[in-house]
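S.K.: The structure is given below, and queries will be raised subsequently.
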Amino acid sequence: MADHKNGDTASWDKEQVRRAQPPQKRPRRKRRHRFAFALLKLVLHIVFVLLASALLAEIGWLLFSDFCSLNNGGQKATENISVQITADDTVSSIAEKLGEAGLVDYPWFFRLYAQFSHAEEKIGIGTYNLNNDMDYHALIAGMHSSSGSMNEDTVRVTIPEGYTVAQTISLLAKNGVNTETALLEAAKTANFNYDFIDNDSEEISRLEGYLFPDTYDFYVNEKPASALNRLISNFNSKIDDELLTAAEARGYNLHKIITIASLIEKETDGSDQDRIASVIYNRLDGPGDKAGTYGMLQVDASLLYGLPDNHEGPITQTDMQLDSPYNLYKNAGLPPTPIANPGLAAISAALDPEHTDYYYYALGKDSRHHFFTNYNDHINFVNSSEYYGN
């Protein structure tokens with residue numbers, strides 16, 4: 001007799017029947033709904049892309065037309081328009097002025113281009129005659145300092161090569177750009193947005209080497225920081241990738257190259273800068289002759305920079321004992337900062353010196369530097385009647 005009960009048999013039969021039934025298929029209606037929804041999404045996406053592309057193409061054409069000054073389309077006669085740029089103007093305010101004058105249709109787009117093309121470094125103060133046929137590039141070129149007209153509120157100042165920061169500030173003050181006190185304060189404390197300026201320092205020497213010697217137009221009583229920034233901006237515009245690459249090839253950073261250039265600028269009248277540069281590099285990089293230079297530059301101009309402003313007369317043995325980082329008779333290597341603001345010729349000499357074996361030079365009574373490979377020849381010249389100091 002079987003051990004299971006009748007109820008167990010019924011349960012087993014029910015389970016077997018359930019297992020034997022094929023699985024029920026889901027309705028196809030839901031699949032059709034999902035397919036229709038996906039198709040709708042695709043169509044809407046394509047429509048959106050087409051509309052967006054058309055809109056962007058239209059916007060792009062409008063911006064391109066404004067950039068190239070095509071919006072006039074010959075519908076309006078060429079019109080000359082006067083625009084005045086002041087010392088307080090920024091790229092943004094200049095863009096708005098051009099927009100108000102009808103010279104550009106989209107000031108924000110001109111502002112974007114101006115920032116990309118470093119227009120702030122090219123546009124100077126003054127009154128400019130522009131016209132509505134000018135594209136963006138022509139507008140910026142038309143607002144260069146040399147293109148503007150002077151008036152009673154502006155002054156033109158030429159900064160000579162080799163001027164120090166103190167001399168530059170004195171010259172600006174003399175020409176009415178602002179007071180010497182205000183300019184000195186700006187040189188010490190104003191924030192200048194350039195990597196090569198030490199904004200943590202409060203010494204005017206932080207600007208030494210970076211106030212590029214050139215001719216500038218300033219407003220009378222111009223903001224001191226704005227006036228100094230124009231000189232620094234000009235320096236920055238001269239420092240291109242080629243110059244920086246050449247500096248790196250020599251193993252020197254920009255600060256050291258400008259420091260060397262300032263030594264060259266102050267040590268020569270410009271006729272032998274490449275040769276002066278060779279002596280500096282020979283002393284910095286070479287072992288020197290048997291008398292031993294060992295990185296000692298012994299540059300008088302650097303010592304003079306470190307001496308008090310009231311120092312007069314030639315350098316003495318006492319001066320050579322001065323405890324100053326600018327005293328290169330006591331300190332090897334370069335001074336901590338440039339000692340003047342060099343011009344492009346001196347900077348070029350610092351980057352590409354003449355190749356010589358000279359370690360010494362001295363000024364003769366013939367107003368020329370005489371160069372020597374060894375100490376004995378040098379000292380013999382210094383003790384001779386041909387030496388400038390005798």
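We label chains A, B, ... in the order they appear in the structure tokens, count residues from 1 in each chain, and number ligands from 1 in the order shown.
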Please return, as a PyMOL selection string, all residues of stretch 113-222 of chain A that DSSP assigns to alpha helix (DSSP H) on the basis of the backbone.

M.R.: chain A and resi 113-116+136-142+165-174+180-189

S.K.: List every residue of stretch 258-281 of chain A that has an atom at most 12 Å from any atom of stretch 237-252 of chain A, giving for each one its closest atom pair and the distance in Å to one decimal, counting only C-alpha atoms, sorted by chain and then by ascending residue number, as a tab-separated table.

M.R.:
residue	atom	partner	partner_atom	distance
A:Ile258	CA	A:Ala247	CA	9.8
A:Thr259	CA	A:Tyr252	CA	10.4
A:Ile260	CA	A:Tyr252	CA	10.0
A:Ala261	CA	A:Ala247	CA	11.7
A:Tyr281	CA	A:Arg250	CA	10.2

S.K.: Could you turn the residues from that selection into a file that holds all heavy atoms, as a PDB file, in the first residue's frame?

M.R.:
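Generated output (part.pdb):
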ATOM      1  N   ILE A 258      66.422  89.485 -18.358  1.00  0.00           N
ATOM      2  CA  ILE A 258      66.223  90.931 -18.275  1.00  0.00           C
ATOM      3  C   ILE A 258      67.247  91.552 -17.337  1.00  0.00           C
ATOM      4  O   ILE A 258      67.720  92.677 -17.570  1.00  0.00           O
ATOM      5  CB  ILE A 258      64.789  91.258 -17.822  1.00  0.00           C
ATOM      6  CG1 ILE A 258      63.770  90.710 -18.845  1.00  0.00           C
ATOM      7  CG2 ILE A 258      64.592  92.758 -17.659  1.00  0.00           C
ATOM      8  CD1 ILE A 258      63.976  91.225 -20.256  1.00  0.00           C
ATOM      9  N   THR A 259      67.629  90.823 -16.288  1.00  0.00           N
ATOM     10  CA  THR A 259      68.676  91.322 -15.395  1.00  0.00           C
ATOM     11  C   THR A 259      69.996  91.458 -16.140  1.00  0.00           C
ATOM     12  O   THR A 259      70.692  92.482 -16.028  1.00  0.00           O
ATOM     13  CB  THR A 259      68.843  90.382 -14.186  1.00  0.00           C
ATOM     14  OG1 THR A 259      67.596  90.289 -13.465  1.00  0.00           O
ATOM     15  CG2 THR A 259      69.914  90.894 -13.228  1.00  0.00           C
ATOM     16  N   ILE A 260      70.370  90.437 -16.898  1.00  0.00           N
ATOM     17  CA  ILE A 260      71.602  90.504 -17.703  1.00  0.00           C
ATOM     18  C   ILE A 260      71.502  91.637 -18.726  1.00  0.00           C
ATOM     19  O   ILE A 260      72.459  92.397 -18.931  1.00  0.00           O
ATOM     20  CB  ILE A 260      71.849  89.154 -18.407  1.00  0.00           C
ATOM     21  CG1 ILE A 260      72.168  88.066 -17.365  1.00  0.00           C
ATOM     22  CG2 ILE A 260      72.984  89.264 -19.420  1.00  0.00           C
ATOM     23  CD1 ILE A 260      72.218  86.662 -17.929  1.00  0.00           C
ATOM     24  N   ALA A 261      70.348  91.773 -19.361  1.00  0.00           N
ATOM     25  CA  ALA A 261      70.156  92.842 -20.346  1.00  0.00           C
ATOM     26  C   ALA A 261      70.323  94.215 -19.705  1.00  0.00           C
ATOM     27  O   ALA A 261      70.872  95.144 -20.326  1.00  0.00           O
ATOM     28  CB  ALA A 261      68.782  92.720 -20.990  1.00  0.00           C
ATOM     29  N   TYR A 281      78.555  86.358 -19.612  1.00  0.00           N
ATOM     30  CA  TYR A 281      78.301  84.914 -19.651  1.00  0.00           C
ATOM     31  C   TYR A 281      79.569  84.111 -19.378  1.00  0.00           C
ATOM     32  O   TYR A 281      79.507  83.063 -18.730  1.00  0.00           O
ATOM     33  CB  TYR A 281      77.696  84.527 -21.000  1.00  0.00           C
ATOM     34  CG  TYR A 281      76.214  84.792 -21.092  1.00  0.00           C
ATOM     35  CD1 TYR A 281      75.709  85.762 -21.953  1.00  0.00           C
ATOM     36  CD2 TYR A 281      75.309  84.080 -20.303  1.00  0.00           C
ATOM     37  CE1 TYR A 281      74.346  86.002 -22.032  1.00  0.00           C
ATOM     38  CE2 TYR A 281      73.949  84.327 -20.375  1.00  0.00           C
ATOM     39  CZ  TYR A 281      73.479  85.287 -21.247  1.00  0.00           C
ATOM     40  OH  TYR A 281      72.128  85.528 -21.303  1.00  0.00           O
TER      41      TYR A 281
END

S.K.: For the atom pair atom CA of A:Val177 and atom CA of A:Ile204, what is the interatomic distance in Å to one decimal place?

M.R.: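 Value for the atom CA of A:Val177-atom CA of A:Ile204 distance: 17.8 Å.
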
S.K.: Write out as a list in words each polymer residue whose atoms come within 7 Å of A:Gly306, counting only C-alpha atoms; drop sequence neighbours fewer than 2 positions from it.

M.R.: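 Once the nearby chain positions are removed, what remains is Ser302, Leu303, Leu304, Pro308, Ser324, Tyr326 and Asn327 of chain A.
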
S.K.: Per DSSP on the backbone, filter stretch 133-334 of chain A down to the residues in strand (DSSP E) and report them as an NGL selection string.

M.R.: :A and (154-158 or 215-219)

S.K.: Go ahead and save the residues from that selection, with C-alpha atoms, as a PDB file, in the first residue's frame.

M.R.:
ATOM      1  CA  THR A 154      47.538 114.800 -23.039  1.00  0.00           C
ATOM      2  CA  VAL A 155      51.305 114.740 -23.017  1.00  0.00           C
ATOM      3  CA  ARG A 156      53.809 112.704 -25.023  1.00  0.00           C
ATOM      4  CA  VAL A 157      56.791 111.325 -23.071  1.00  0.00           C
ATOM      5  CA  THR A 158      59.813 109.414 -24.376  1.00  0.00           C
ATOM      6  CA  THR A 215      57.358 106.937 -26.555  1.00  0.00           C
ATOM      7  CA  TYR A 216      53.962 107.126 -24.862  1.00  0.00           C
ATOM      8  CA  ASP A 217      50.920 109.391 -24.754  1.00  0.00           C
ATOM      9  CA  PHE A 218      49.544 110.024 -21.274  1.00  0.00           C
ATOM     10  CA  TYR A 219      46.714 112.079 -19.892  1.00  0.00           C
TER      11      TYR A 219
END

S.K.: Can you pull out every residue within 9 Å of A:Met320, counting only C-alpha atoms, but drop anything in the same chain fewer than 3 positions away, and send it as an mmCIF file with N, CA, C and O atoms, in the first residue's frame?

M.R.:
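Heads up, here's the output in result.cif:
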data_model
loop_
_atom_site.group_PDB
_atom_site.id
_atom_site.type_symbol
_atom_site.label_atom_id
_atom_site.label_comp_id
_atom_site.auth_asym_id
_atom_site.auth_seq_id
_atom_site.Cartn_x
_atom_site.Cartn_y
_atom_site.Cartn_z
ATOM 1 N N LEU A 303 76.860 98.082 -8.692
ATOM 2 C CA LEU A 303 77.253 98.674 -7.407
ATOM 3 C C LEU A 303 76.674 100.081 -7.273
ATOM 4 O O LEU A 303 76.163 100.458 -6.206
ATOM 5 N N ILE A 315 83.645 105.284 -8.340
ATOM 6 C CA ILE A 315 83.595 104.247 -7.309
ATOM 7 C C ILE A 315 84.948 104.144 -6.613
ATOM 8 O O ILE A 315 86.000 104.152 -7.255
ATOM 9 N N THR A 316 84.905 104.054 -5.294
ATOM 10 C CA THR A 316 86.132 103.958 -4.495
ATOM 11 C C THR A 316 86.260 102.558 -3.910
ATOM 12 O O THR A 316 85.318 101.737 -3.965
ATOM 13 N N GLN A 317 87.411 102.273 -3.321
ATOM 14 C CA GLN A 317 87.632 100.992 -2.648
ATOM 15 C C GLN A 317 86.655 100.830 -1.477
ATOM 16 O O GLN A 317 86.209 99.723 -1.193
ATOM 17 N N ASP A 323 77.881 96.572 1.842
ATOM 18 C CA ASP A 323 77.115 95.357 2.117
ATOM 19 C C ASP A 323 75.759 95.460 1.415
ATOM 20 O O ASP A 323 74.777 95.941 1.974
ATOM 21 N N ASN A 327 76.173 94.654 -4.859
ATOM 22 C CA ASN A 327 77.621 94.784 -4.925
ATOM 23 C C ASN A 327 78.212 93.498 -5.484
ATOM 24 O O ASN A 327 78.417 92.518 -4.760
ATOM 25 N N LEU A 328 78.470 93.485 -6.772
ATOM 26 C CA LEU A 328 78.959 92.286 -7.449
ATOM 27 C C LEU A 328 80.470 92.133 -7.331
ATOM 28 O O LEU A 328 81.044 91.240 -7.945
ATOM 29 N N TYR A 329 81.089 92.989 -6.511
ATOM 30 C CA TYR A 329 82.479 92.771 -6.134
ATOM 31 C C TYR A 329 82.549 91.822 -4.933
ATOM 32 O O TYR A 329 83.573 91.183 -4.697
ATOM 33 N N LYS A 330 81.453 91.750 -4.182
ATOM 34 C CA LYS A 330 81.424 90.883 -3.004
ATOM 35 C C LYS A 330 80.511 89.671 -3.207
ATOM 36 O O LYS A 330 80.669 88.655 -2.524
#

S.K.: Could you jot down the atom CA of A:Phe235 to atom CA of A:Phe212 separation for me, Å, one decimal place?

M.R.: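 It comes out at 5.0 Å.
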
S.K.: Quick one: residues within 9 Å of A:Pro353, only C-alpha atoms counted, chain neighbours fewer than 2 positions away excluded, as a list in words?

M.R.: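 Contacts, in chain order: Gln273, Asp274, Arg275, Ile276, Ala277, Ser278, Val279, Tyr281, Ser348, Ala349, Ala350, Leu351, His355 and Thr356 of chain A.
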
S.K.: Using only C-alpha atoms, which residue out of A:Glu96, A:Leu42, A:Ala346, A:Asn131 lies closest to A:Ile81?

M.R.: A:Asn131

S.K.: Considering only C-alpha atoms, state which residue in the set A:Asn374, A:Thr86, A:Thr127, A:Ser233 is at the smallest distance from A:Asn221.

M.R.: A:Thr86

S.K.: Could you work out how far atom CA of A:Ile339 lies from atom CA of A:Ala301, giving the answer in Å with one decimal?

M.R.: 7.9 Å

S.K.: Between A:Tyr305, A:Val382, A:Ile125, A:Gly295, single out the one closest to A:Ala227, counting only C-alpha atoms.

M.R.: A:Ile125
